[in-house]
file query_22.txt (compact mmCIF, C-alpha atoms)
# COMPACT_ATOMS: atom_id res chain seq x y z
CA SER B 193 20.40 45.68 -66.52
CA GLN B 194 22.10 45.19 -63.19
CA GLN B 195 23.17 41.72 -63.90
CA GLY B 196 26.25 40.54 -65.64
CA GLU B 197 26.68 37.15 -67.15
CA GLU B 198 28.14 34.16 -65.42
CA ASP B 199 29.08 30.83 -66.87
CA PRO B 200 28.56 28.07 -66.48
CA GLN B 201 25.13 28.32 -64.87
CA ALA B 202 25.76 25.02 -63.16
CA LEU B 203 28.83 22.92 -62.53
CA SER B 204 29.10 19.41 -61.11
CA ILE B 205 32.52 18.07 -60.16
CA GLN B 206 34.12 15.33 -58.13
CA GLU B 207 35.64 16.09 -54.77
CA GLY B 208 39.28 17.03 -55.22
CA GLU B 209 38.80 18.52 -58.66
CA ASN B 210 39.07 22.20 -59.43
CA ALA B 211 36.04 24.36 -60.19
CA THR B 212 36.29 27.33 -62.50
CA MET B 213 33.58 29.85 -63.16
CA ASN B 214 33.56 33.04 -65.18
CA CYS B 215 31.81 36.34 -64.90
CA SER B 216 31.39 39.34 -67.16
CA TYR B 217 30.23 42.80 -66.17
CA LYS B 218 29.04 45.83 -68.02
CA THR B 219 30.30 49.08 -66.51
CA SER B 220 33.54 50.53 -65.20
CA ILE B 221 34.27 49.15 -61.79
CA ASN B 222 35.97 50.09 -58.56
CA ASN B 223 36.42 46.45 -57.68
CA LEU B 224 34.93 43.03 -58.28
CA GLN B 225 33.89 40.66 -55.54
CA TRP B 226 32.86 37.06 -55.28
CA TYR B 227 30.22 35.85 -52.86
CA ARG B 228 28.96 32.44 -51.91
CA GLN B 229 25.38 31.52 -51.07
CA ASN B 230 24.24 28.28 -49.52
CA SER B 231 20.71 27.29 -50.44
CA GLY B 232 18.12 29.61 -48.90
CA ARG B 233 20.69 31.63 -47.01
CA GLY B 234 22.35 35.02 -47.18
CA LEU B 235 25.58 35.72 -48.99
CA VAL B 236 29.07 35.39 -47.63
CA HIS B 237 31.89 37.49 -49.01
CA LEU B 238 34.77 35.40 -50.35
CA ILE B 239 37.30 37.63 -52.05
CA LEU B 240 37.71 41.10 -53.56
CA ILE B 241 39.94 42.13 -56.43
CA ARG B 242 40.54 45.79 -57.18
CA SER B 243 40.31 47.21 -60.67
CA ASN B 244 44.09 47.69 -60.83
CA GLU B 245 44.81 44.09 -59.83
CA ARG B 246 44.97 41.16 -62.21
CA GLU B 247 45.12 38.16 -59.90
CA LYS B 248 44.49 37.45 -56.27
CA HIS B 249 44.68 34.39 -54.05
CA SER B 250 43.00 33.49 -50.80
CA GLY B 251 43.43 29.95 -49.52
CA ARG B 252 42.00 27.64 -52.18
CA LEU B 253 40.51 30.53 -54.11
CA ARG B 254 42.12 32.25 -57.06
CA VAL B 255 40.51 35.20 -58.78
CA THR B 256 41.56 36.89 -62.00
CA LEU B 257 40.36 40.15 -63.46
CA ASP B 258 40.63 41.37 -67.04
CA THR B 259 39.28 44.91 -67.19
CA SER B 260 39.85 45.14 -70.96
CA LYS B 261 37.40 42.26 -71.42
CA LYS B 262 35.28 43.22 -68.41
CA SER B 263 35.57 39.70 -67.10
CA SER B 264 36.67 37.79 -64.04
CA SER B 265 37.16 34.18 -63.11
CA LEU B 266 37.01 32.30 -59.82
CA LEU B 267 38.94 29.08 -59.37
CA ILE B 268 38.35 26.81 -56.40
CA THR B 269 41.12 24.26 -56.10
CA ALA B 270 40.87 20.83 -54.50
CA SER B 271 37.13 21.16 -54.05
CA ARG B 272 35.31 19.68 -51.08
CA ALA B 273 31.71 18.64 -50.60
CA ALA B 274 31.30 21.67 -48.35
CA ASP B 275 32.04 23.92 -51.34
CA THR B 276 28.64 23.01 -52.78
CA ALA B 277 26.84 26.35 -53.10
CA SER B 278 25.97 29.11 -55.54
CA TYR B 279 28.70 31.57 -56.35
CA PHE B 280 28.03 35.13 -57.46
CA CYS B 281 30.33 37.77 -58.79
CA ALA B 282 29.45 41.35 -57.94
CA SER B 283 30.89 44.47 -59.47
CA LEU B 284 31.17 47.65 -57.43
CA ASP B 285 30.84 50.68 -59.65
CA ASN B 286 32.21 54.13 -59.00
CA ASP B 287 28.94 55.11 -57.31
CA TYR B 288 29.57 52.27 -54.83
CA LYS B 289 26.60 50.32 -56.13
CA LEU B 290 27.02 46.55 -56.14
CA SER B 291 25.57 44.61 -59.08
CA PHE B 292 25.43 40.84 -59.04
CA GLY B 293 25.99 38.35 -61.80
CA ALA B 294 23.55 35.56 -62.54
CA GLY B 295 25.44 33.05 -60.42
CA THR B 296 26.96 29.61 -60.87
CA THR B 297 25.62 26.66 -58.92
CA VAL B 298 28.42 24.32 -57.96
CA THR B 299 27.82 20.76 -56.82
CA VAL B 300 30.76 18.83 -55.46
CA ARG B 301 30.20 15.08 -55.42
CA ALA B 302 31.84 13.10 -52.66
CA GLY X 37 33.45 40.56 -37.77
CA ALA X 38 30.44 42.55 -38.86
CA VAL X 39 27.10 40.84 -38.37
CA VAL X 40 23.76 41.72 -39.90
CA SER X 41 20.66 40.19 -38.40
CA GLN X 42 17.47 39.88 -40.41
CA HIS X 43 14.07 39.01 -39.01
CA PRO X 44 11.87 37.15 -39.61
CA SER X 45 13.69 34.44 -41.52
CA TRP X 46 10.45 33.31 -43.06
CA VAL X 47 6.87 34.52 -43.08
CA ILE X 48 3.62 33.35 -44.60
CA CYS X 49 0.81 35.83 -44.96
CA LYS X 50 -2.53 36.22 -46.63
CA SER X 51 -2.96 38.28 -49.75
CA GLY X 52 -3.71 41.91 -48.93
CA THR X 53 -1.84 42.04 -45.65
CA SER X 54 1.36 43.93 -44.95
CA VAL X 55 4.59 42.38 -43.79
CA LYS X 56 7.53 44.07 -42.11
CA ILE X 57 11.09 42.75 -42.33
CA GLU X 58 13.80 44.08 -40.04
CA CYS X 59 17.49 44.39 -40.77
CA ARG X 60 19.87 45.18 -37.93
CA SER X 61 23.60 45.76 -37.86
CA LEU X 62 24.62 44.14 -34.60
CA ASP X 63 28.11 45.39 -33.93
CA PHE X 64 28.51 48.36 -36.20
CA GLN X 65 26.65 51.41 -37.35
CA ALA X 66 25.32 51.48 -40.87
CA THR X 67 24.34 54.78 -42.41
CA THR X 68 23.45 52.90 -45.57
CA MET X 69 21.71 49.56 -45.96
CA PHE X 70 20.62 47.81 -49.11
CA TRP X 71 17.59 45.69 -49.83
CA TYR X 72 17.74 42.96 -52.46
CA ARG X 73 15.17 40.60 -53.83
CA GLN X 74 15.97 37.13 -55.11
CA PHE X 75 13.68 34.79 -57.01
CA PRO X 76 14.41 31.03 -56.96
CA LYS X 77 17.56 30.10 -58.82
CA GLN X 78 18.13 33.69 -59.83
CA SER X 79 20.52 36.42 -58.84
CA LEU X 80 20.02 39.28 -56.43
CA MET X 81 18.29 42.37 -57.71
CA LEU X 82 18.86 45.61 -55.84
CA MET X 83 15.54 47.09 -54.82
CA ALA X 84 16.56 50.16 -52.89
CA THR X 85 19.23 51.88 -50.88
CA SER X 86 18.16 52.75 -47.37
CA ASN X 87 19.69 55.94 -45.98
CA GLU X 88 19.62 56.69 -42.27
CA GLY X 89 17.56 59.76 -41.54
CA SER X 90 16.44 60.34 -45.10
CA LYS X 91 14.36 58.82 -47.84
CA ALA X 92 15.33 55.60 -49.49
CA THR X 93 16.56 55.56 -53.05
CA TYR X 94 14.63 53.08 -55.16
CA GLU X 95 15.85 51.30 -58.26
CA GLN X 96 13.98 51.73 -61.50
CA GLY X 97 10.85 49.64 -61.62
CA VAL X 98 10.53 49.21 -57.85
CA GLU X 99 7.32 50.68 -56.45
CA LYS X 100 8.15 52.87 -53.49
CA ASP X 101 4.57 52.78 -52.23
CA LYS X 102 4.61 49.01 -52.36
CA PHE X 103 7.93 48.52 -50.63
CA LEU X 104 8.21 51.00 -47.78
CA ILE X 105 11.66 51.44 -46.34
CA ASN X 106 12.44 53.13 -43.06
CA HIS X 107 15.95 53.66 -41.69
CA ALA X 108 15.28 55.43 -38.44
CA SER X 109 18.49 54.56 -36.64
CA LEU X 110 22.07 53.73 -37.48
CA THR X 111 21.49 50.06 -36.76
CA LEU X 112 18.01 49.35 -38.09
CA SER X 113 16.32 49.43 -41.46
CA THR X 114 12.87 48.00 -42.13
CA LEU X 115 11.20 46.91 -45.34
CA THR X 116 7.43 46.76 -45.33
CA VAL X 117 5.71 44.96 -48.16
CA THR X 118 2.30 46.60 -48.26
CA SER X 119 -0.85 44.87 -49.47
CA ALA X 120 1.17 41.82 -50.37
CA HIS X 121 0.13 39.60 -53.27
CA PRO X 122 1.36 36.18 -54.38
CA GLU X 123 3.70 37.76 -56.93
CA ASP X 124 5.51 39.46 -54.04
CA SER X 125 6.55 36.05 -52.74
CA SER X 126 10.32 36.05 -52.82
CA PHE X 127 13.52 35.94 -50.80
CA TYR X 128 14.39 39.39 -49.47
CA ILE X 129 17.94 40.04 -48.32
CA CYS X 130 19.39 43.09 -46.65
CA SER X 131 22.99 44.14 -46.45
CA ALA X 132 25.08 46.86 -44.90
CA ARG X 133 28.55 48.30 -45.08
CA ASP X 134 30.78 48.45 -42.04
CA HIS X 135 32.82 51.55 -42.75
CA GLY X 136 34.94 50.82 -39.70
CA SER X 137 36.21 47.50 -40.99
CA ALA X 138 39.42 46.96 -42.90
CA SER X 139 37.39 46.45 -46.06
CA GLY X 140 35.39 49.58 -45.38
CA ALA X 141 32.84 50.57 -47.93
CA ASN X 142 33.92 47.94 -50.40
CA VAL X 143 32.39 44.84 -48.86
CA LEU X 144 28.82 44.21 -47.88
CA THR X 145 27.72 42.10 -44.96
CA PHE X 146 24.48 40.29 -45.69
CA GLY X 147 21.64 39.22 -43.49
CA ALA X 148 20.48 35.63 -43.72
CA GLY X 149 17.44 36.63 -45.74
CA SER X 150 13.69 36.54 -45.24
CA ARG X 151 11.51 34.21 -47.28
CA LEU X 152 8.08 35.68 -47.87
CA THR X 153 5.23 33.52 -49.07
CA VAL X 154 1.96 35.25 -49.86
CA LEU X 155 -1.05 32.95 -50.11
call {"tool": "encode", "arguments": {"input": "query_22.txt", "output": "structure tokens"}}
result
Amino acid sequence: SQQGEEDPQALSIQEGENATMNCSYKTSINNLQWYRQNSGRGLVHLILIRSNEREKHSGRLRVTLDTSKKSSSLLITASRAADTASYFCASLDNDYKLSFGAGTTVTVRA
Amino acid sequence: GAVVSQHPSWVICKSGTSVKIECRSLDFQATTMFWYRQFPKQSLMLMATSNEGSKATYEQGVEKDKFLINHASLTLSTLTVTSAHPEDSSFYICSARDHGSASGANVLTFGAGSRLTVL
């Protein structure tokens, strides 16, 4: 199957709180990426972490990668209402094929 | 930054008709484009890889005669859903790699998607 697992499937938090979501993948990867999708729209690339990296930061985003467990996490700190969206991890394999996780729907309540 | 334009953004058609969706890279050349399909509240499933000047590579289970892909230029790929039926109703999204960007082949730029409804 192309898809990895993501949890939770849905997350509802208060504005200002942190949101954490996890992703697992199945094959060896070149890198792992996180994308965001607003309802009914295309995907926007958020952050990329290479297979030899363990942690990466970009603004309010923090990504970790554990290749021994084939898992990654995305943390959004100090969430805002505008962060409401679906978040997908995507693993790029050594054939440069991108496979998406099942996604986590995040709702940030004002 | 790289921009991918997808058209139409939504289309409604009658069962049995064919629908063409266009995917254009606006400010870069894309030798490879990707077509994904997304059902409501689900993830993206790769349908096929569109290669400029050659045949598309389809994922297992995707009917190549049903979903015709043409990549005739470095900036345009088209997906034609032939003899569409209600079960083909879905959100179709294209993407492309800008090899000239700092991220290069690692990051995809996505179109805004095309919502197809077959009556």
call {"tool": "closest_residue", "arguments": {"input": "query_22.txt", "among": "B:Leu235, B:Ile268, B:Ala211, B:Ile241", "to": "chain X", "atoms": "only C-alpha atoms"}}
result
B:Leu235
call {"tool": "closest_atom_pairs", "arguments": {"input": "query_22.txt", "of": "chain B", "to": "chain X", "cutoff": "10 Å", "atoms": "all atoms listed in the file", "output": "Markdown table"}}
result
| residue | atom | partner | partner_atom | distance |
| --- | --- | --- | --- | --- |
| B:Ser193 | CA | X:Met81 | CA | 9.6 |
| B:Gln194 | CA | X:Met81 | CA | 7.2 |
| B:Gln195 | CA | X:Ser79 | CA | 7.8 |
| B:Gly196 | CA | X:Ser79 | CA | 9.8 |
| B:Gln201 | CA | X:Lys77 | CA | 9.9 |
| B:Asn222 | CA | X:Asn142 | CA | 8.7 |
| B:Asn223 | CA | X:Asn142 | CA | 7.8 |
| B:Leu224 | CA | X:Asn142 | CA | 9.3 |
| B:Gln225 | CA | X:Val143 | CA | 8.0 |
| B:Tyr227 | CA | X:Leu144 | CA | 9.8 |
| B:Gln229 | CA | X:Ala148 | CA | 9.7 |
| B:Ser231 | CA | X:Lys77 | CA | 9.4 |
| B:Gly232 | CA | X:Gly149 | CA | 7.7 |
| B:Arg233 | CA | X:Ala148 | CA | 5.2 |
| B:Gly234 | CA | X:Ala148 | CA | 4.0 |
| B:Leu235 | CA | X:Phe146 | CA | 5.7 |
| B:Val236 | CA | X:Phe146 | CA | 7.0 |
| B:His237 | CA | X:Val143 | CA | 7.4 |
| B:Leu238 | CA | X:Val143 | CA | 9.8 |
| B:Ile239 | CA | X:Val143 | CA | 9.3 |
| B:Leu240 | CA | X:Val143 | CA | 8.0 |
| B:Arg242 | CA | X:Asn142 | CA | 9.7 |
| B:Ser278 | CA | X:Lys77 | CA | 9.1 |
| B:Tyr279 | CA | X:Ser79 | CA | 9.8 |
| B:Phe280 | CA | X:Ser79 | CA | 7.7 |
| B:Cys281 | CA | X:Ser79 | CA | 9.9 |
| B:Ala282 | CA | X:Leu80 | CA | 9.8 |
| B:Leu284 | CA | X:Asn142 | CA | 7.6 |
| B:Tyr288 | CA | X:Asn142 | CA | 7.6 |
| B:Lys289 | CA | X:Leu82 | CA | 9.1 |
| B:Leu290 | CA | X:Leu82 | CA | 8.2 |
| B:Ser291 | CA | X:Leu82 | CA | 7.5 |
| B:Phe292 | CA | X:Leu80 | CA | 6.2 |
| B:Gly293 | CA | X:Ser79 | CA | 6.5 |
| B:Ala294 | CA | X:Ser79 | CA | 4.9 |
| B:Gly295 | CA | X:Ser79 | CA | 6.2 |
| B:Thr296 | CA | X:Ser79 | CA | 9.6 |
| B:Thr297 | CA | X:Lys77 | CA | 8.8 |
call {"tool": "write_last_selection", "arguments": {"input": "query_22.txt", "atoms": "C-alpha atoms", "output": "mmCIF file, in the coordinates of the input"}}
result
data_model
loop_
_atom_site.group_PDB
_atom_site.id
_atom_site.type_symbol
_atom_site.label_atom_id
_atom_site.label_comp_id
_atom_site.auth_asym_id
_atom_site.auth_seq_id
_atom_site.Cartn_x
_atom_site.Cartn_y
_atom_site.Cartn_z
ATOM 1 C CA SER B 193 20.400 45.680 -66.520
ATOM 2 C CA GLN B 194 22.100 45.190 -63.190
ATOM 3 C CA GLN B 195 23.170 41.720 -63.900
ATOM 4 C CA GLY B 196 26.250 40.540 -65.640
ATOM 5 C CA GLN B 201 25.130 28.320 -64.870
ATOM 6 C CA ASN B 222 35.970 50.090 -58.560
ATOM 7 C CA ASN B 223 36.420 46.450 -57.680
ATOM 8 C CA LEU B 224 34.930 43.030 -58.280
ATOM 9 C CA GLN B 225 33.890 40.660 -55.540
ATOM 10 C CA TYR B 227 30.220 35.850 -52.860
ATOM 11 C CA GLN B 229 25.380 31.520 -51.070
ATOM 12 C CA SER B 231 20.710 27.290 -50.440
ATOM 13 C CA GLY B 232 18.120 29.610 -48.900
ATOM 14 C CA ARG B 233 20.690 31.630 -47.010
ATOM 15 C CA GLY B 234 22.350 35.020 -47.180
ATOM 16 C CA LEU B 235 25.580 35.720 -48.990
ATOM 17 C CA VAL B 236 29.070 35.390 -47.630
ATOM 18 C CA HIS B 237 31.890 37.490 -49.010
ATOM 19 C CA LEU B 238 34.770 35.400 -50.350
ATOM 20 C CA ILE B 239 37.300 37.630 -52.050
ATOM 21 C CA LEU B 240 37.710 41.100 -53.560
ATOM 22 C CA ARG B 242 40.540 45.790 -57.180
ATOM 23 C CA SER B 278 25.970 29.110 -55.540
ATOM 24 C CA TYR B 279 28.700 31.570 -56.350
ATOM 25 C CA PHE B 280 28.030 35.130 -57.460
ATOM 26 C CA CYS B 281 30.330 37.770 -58.790
ATOM 27 C CA ALA B 282 29.450 41.350 -57.940
ATOM 28 C CA LEU B 284 31.170 47.650 -57.430
ATOM 29 C CA TYR B 288 29.570 52.270 -54.830
ATOM 30 C CA LYS B 289 26.600 50.320 -56.130
ATOM 31 C CA LEU B 290 27.020 46.550 -56.140
ATOM 32 C CA SER B 291 25.570 44.610 -59.080
ATOM 33 C CA PHE B 292 25.430 40.840 -59.040
ATOM 34 C CA GLY B 293 25.990 38.350 -61.800
ATOM 35 C CA ALA B 294 23.550 35.560 -62.540
ATOM 36 C CA GLY B 295 25.440 33.050 -60.420
ATOM 37 C CA THR B 296 26.960 29.610 -60.870
ATOM 38 C CA THR B 297 25.620 26.660 -58.920
#
call {"tool": "axis_aligned_box", "arguments": {"input": "query_22.txt", "around": "segment 105-111 of chain X", "padding_each_side": "3 Å", "output": "JSON"}}
result
{"center_x": 16.9, "center_y": 52.7, "center_z": -41.5, "size_x": 16.4, "size_y": 11.4, "size_z": 15.7}
call {"tool": "closest_residue", "arguments": {"input": "query_22.txt", "among": "B:Asn230, B:Ser216, B:Ser204, B:Asn210", "to": "Arg252 of chain B", "atoms": "all atoms listed in the file"}}
result
B:Asn210
call {"tool": "atom_distance", "arguments": {"input": "query_22.txt", "atom1": "atom CA of Asp199 of chain B", "atom2": "atom CA of Asn244 of chain B"}}
result
23.4 Å
call {"tool": "residues_near_point", "arguments": {"input": "query_22.txt", "point": "(23.8, 47.0, -38.5)", "cutoff": "10 Å", "atoms": "only C-alpha atoms", "output": "number ranges by chain"}}
result
X: 38-42, 59-69, 109-113, 131-134, 145-147
call {"tool": "closest_residue", "arguments": {"input": "query_22.txt", "among": "B:Arg228, B:Lys261, B:Lys248, B:Arg301", "to": "Cys215 of chain B", "atoms": "all atoms listed in the file"}}
result
B:Lys261
call {"tool": "residues_around", "arguments": {"input": "query_22.txt", "residues": "Ile105 of chain X", "least_positions_apart": "3", "cutoff": "7 Å", "atoms": "all atoms listed in the file", "output": "count of residues only"}}
result
5
call {"tool": "atom_distance", "arguments": {"input": "query_22.txt", "atom1": "atom CA of Pro122 of chain X", "atom2": "atom CA of Phe103 of chain X"}}
result
14.5 Å
call {"tool": "atom_distance", "arguments": {"input": "query_22.txt", "atom1": "atom CA of Val298 of chain B", "atom2": "atom CA of Leu152 of chain X"}}
result
25.4 Å
call {"tool": "closest_residue", "arguments": {"input": "query_22.txt", "among": "B:Glu245, B:Asp258, B:Asp275, B:Asp287", "to": "Ile205 of chain B", "atoms": "all atoms listed in the file"}}
result
B:Asp275
call {"tool": "residues_around", "arguments": {"input": "query_22.txt", "residues": "Ala302 of chain B", "least_positions_apart": "2", "cutoff": "10 Å", "atoms": "all atoms listed in the file", "output": "ChimeraX atom specification"}}
result
/B:205-208,271-274,299-300
call {"tool": "residues_around", "arguments": {"input": "query_22.txt", "residues": "Ser54 of chain X", "least_positions_apart": "4", "cutoff": "7 Å", "atoms": "all atoms listed in the file", "output": "JSON, numbers by chain"}}
result
{"X": [116, 117, 118, 119, 120]}
call {"tool": "closest_residue", "arguments": {"input": "query_22.txt", "among": "X:Ile57, X:Gly52, X:Pro44, X:His121", "to": "Leu104 of chain X", "atoms": "only C-alpha atoms"}}
result
X:Ile57
call {"tool": "decode", "arguments": {"input": "query_22.txt", "residues": "segment 47-65 of chain X", "atoms": "N, CA and C atoms", "output": "PDB file, in the first residue's frame"}}
result
ATOM      1  N   VAL X  47     -15.742  20.425 -12.261  1.00  0.00           N
ATOM      2  CA  VAL X  47     -16.492  20.092 -13.464  1.00  0.00           C
ATOM      3  C   VAL X  47     -17.559  19.071 -13.111  1.00  0.00           C
ATOM      4  N   ILE X  48     -18.718  19.278 -13.717  1.00  0.00           N
ATOM      5  CA  ILE X  48     -19.834  18.340 -13.580  1.00  0.00           C
ATOM      6  C   ILE X  48     -20.141  17.820 -14.972  1.00  0.00           C
ATOM      7  N   CYS X  49     -20.240  16.521 -15.098  1.00  0.00           N
ATOM      8  CA  CYS X  49     -20.520  15.969 -16.419  1.00  0.00           C
ATOM      9  C   CYS X  49     -21.503  14.815 -16.305  1.00  0.00           C
ATOM     10  N   LYS X  50     -22.050  14.453 -17.433  1.00  0.00           N
ATOM     11  CA  LYS X  50     -22.978  13.325 -17.477  1.00  0.00           C
ATOM     12  C   LYS X  50     -22.207  12.021 -17.626  1.00  0.00           C
ATOM     13  N   SER X  51     -22.783  10.977 -17.116  1.00  0.00           N
ATOM     14  CA  SER X  51     -22.178   9.659 -17.220  1.00  0.00           C
ATOM     15  C   SER X  51     -21.968   9.300 -18.691  1.00  0.00           C
ATOM     16  N   GLY X  52     -20.781   8.777 -19.004  1.00  0.00           N
ATOM     17  CA  GLY X  52     -20.487   8.383 -20.369  1.00  0.00           C
ATOM     18  C   GLY X  52     -19.671   9.394 -21.154  1.00  0.00           C
ATOM     19  N   THR X  53     -19.579  10.603 -20.644  1.00  0.00           N
ATOM     20  CA  THR X  53     -18.796  11.622 -21.340  1.00  0.00           C
ATOM     21  C   THR X  53     -17.350  11.581 -20.862  1.00  0.00           C
ATOM     22  N   SER X  54     -16.498  12.275 -21.606  1.00  0.00           N
ATOM     23  CA  SER X  54     -15.084  12.346 -21.239  1.00  0.00           C
ATOM     24  C   SER X  54     -14.740  13.738 -20.748  1.00  0.00           C
ATOM     25  N   VAL X  55     -13.840  13.804 -19.819  1.00  0.00           N
ATOM     26  CA  VAL X  55     -13.458  15.075 -19.209  1.00  0.00           C
ATOM     27  C   VAL X  55     -11.944  15.203 -19.235  1.00  0.00           C
ATOM     28  N   LYS X  56     -11.471  16.366 -19.645  1.00  0.00           N
ATOM     29  CA  LYS X  56     -10.031  16.617 -19.688  1.00  0.00           C
ATOM     30  C   LYS X  56      -9.649  17.621 -18.617  1.00  0.00           C
ATOM     31  N   ILE X  57      -8.604  17.312 -17.879  1.00  0.00           N
ATOM     32  CA  ILE X  57      -8.066  18.208 -16.852  1.00  0.00           C
ATOM     33  C   ILE X  57      -6.642  18.571 -17.246  1.00  0.00           C
ATOM     34  N   GLU X  58      -6.344  19.865 -17.168  1.00  0.00           N
ATOM     35  CA  GLU X  58      -5.020  20.342 -17.559  1.00  0.00           C
ATOM     36  C   GLU X  58      -4.179  20.706 -16.340  1.00  0.00           C
ATOM     37  N   CYS X  59      -2.908  20.445 -16.446  1.00  0.00           N
ATOM     38  CA  CYS X  59      -1.961  20.797 -15.393  1.00  0.00           C
ATOM     39  C   CYS X  59      -0.781  21.505 -16.045  1.00  0.00           C
ATOM     40  N   ARG X  60      -0.555  22.742 -15.647  1.00  0.00           N
ATOM     41  CA  ARG X  60       0.518  23.532 -16.253  1.00  0.00           C
ATOM     42  C   ARG X  60       1.514  24.018 -15.211  1.00  0.00           C
ATOM     43  N   SER X  61       2.788  23.890 -15.525  1.00  0.00           N
ATOM     44  CA  SER X  61       3.810  24.523 -14.694  1.00  0.00           C
ATOM     45  C   SER X  61       4.017  25.917 -15.272  1.00  0.00           C
ATOM     46  N   LEU X  62       3.798  26.933 -14.453  1.00  0.00           N
ATOM     47  CA  LEU X  62       3.749  28.299 -14.989  1.00  0.00           C
ATOM     48  C   LEU X  62       5.116  28.956 -15.137  1.00  0.00           C
ATOM     49  N   ASP X  63       6.016  28.667 -14.274  1.00  0.00           N
ATOM     50  CA  ASP X  63       7.292  29.391 -14.314  1.00  0.00           C
ATOM     51  C   ASP X  63       8.486  28.450 -14.262  1.00  0.00           C
ATOM     52  N   PHE X  64       8.237  27.196 -14.611  1.00  0.00           N
ATOM     53  CA  PHE X  64       9.346  26.260 -14.685  1.00  0.00           C
ATOM     54  C   PHE X  64       8.965  25.136 -15.628  1.00  0.00           C
ATOM     55  N   GLN X  65       9.960  24.408 -16.049  1.00  0.00           N
ATOM     56  CA  GLN X  65       9.718  23.272 -16.932  1.00  0.00           C
ATOM     57  C   GLN X  65       9.699  21.989 -16.123  1.00  0.00           C
TER      58      GLN X  65
END
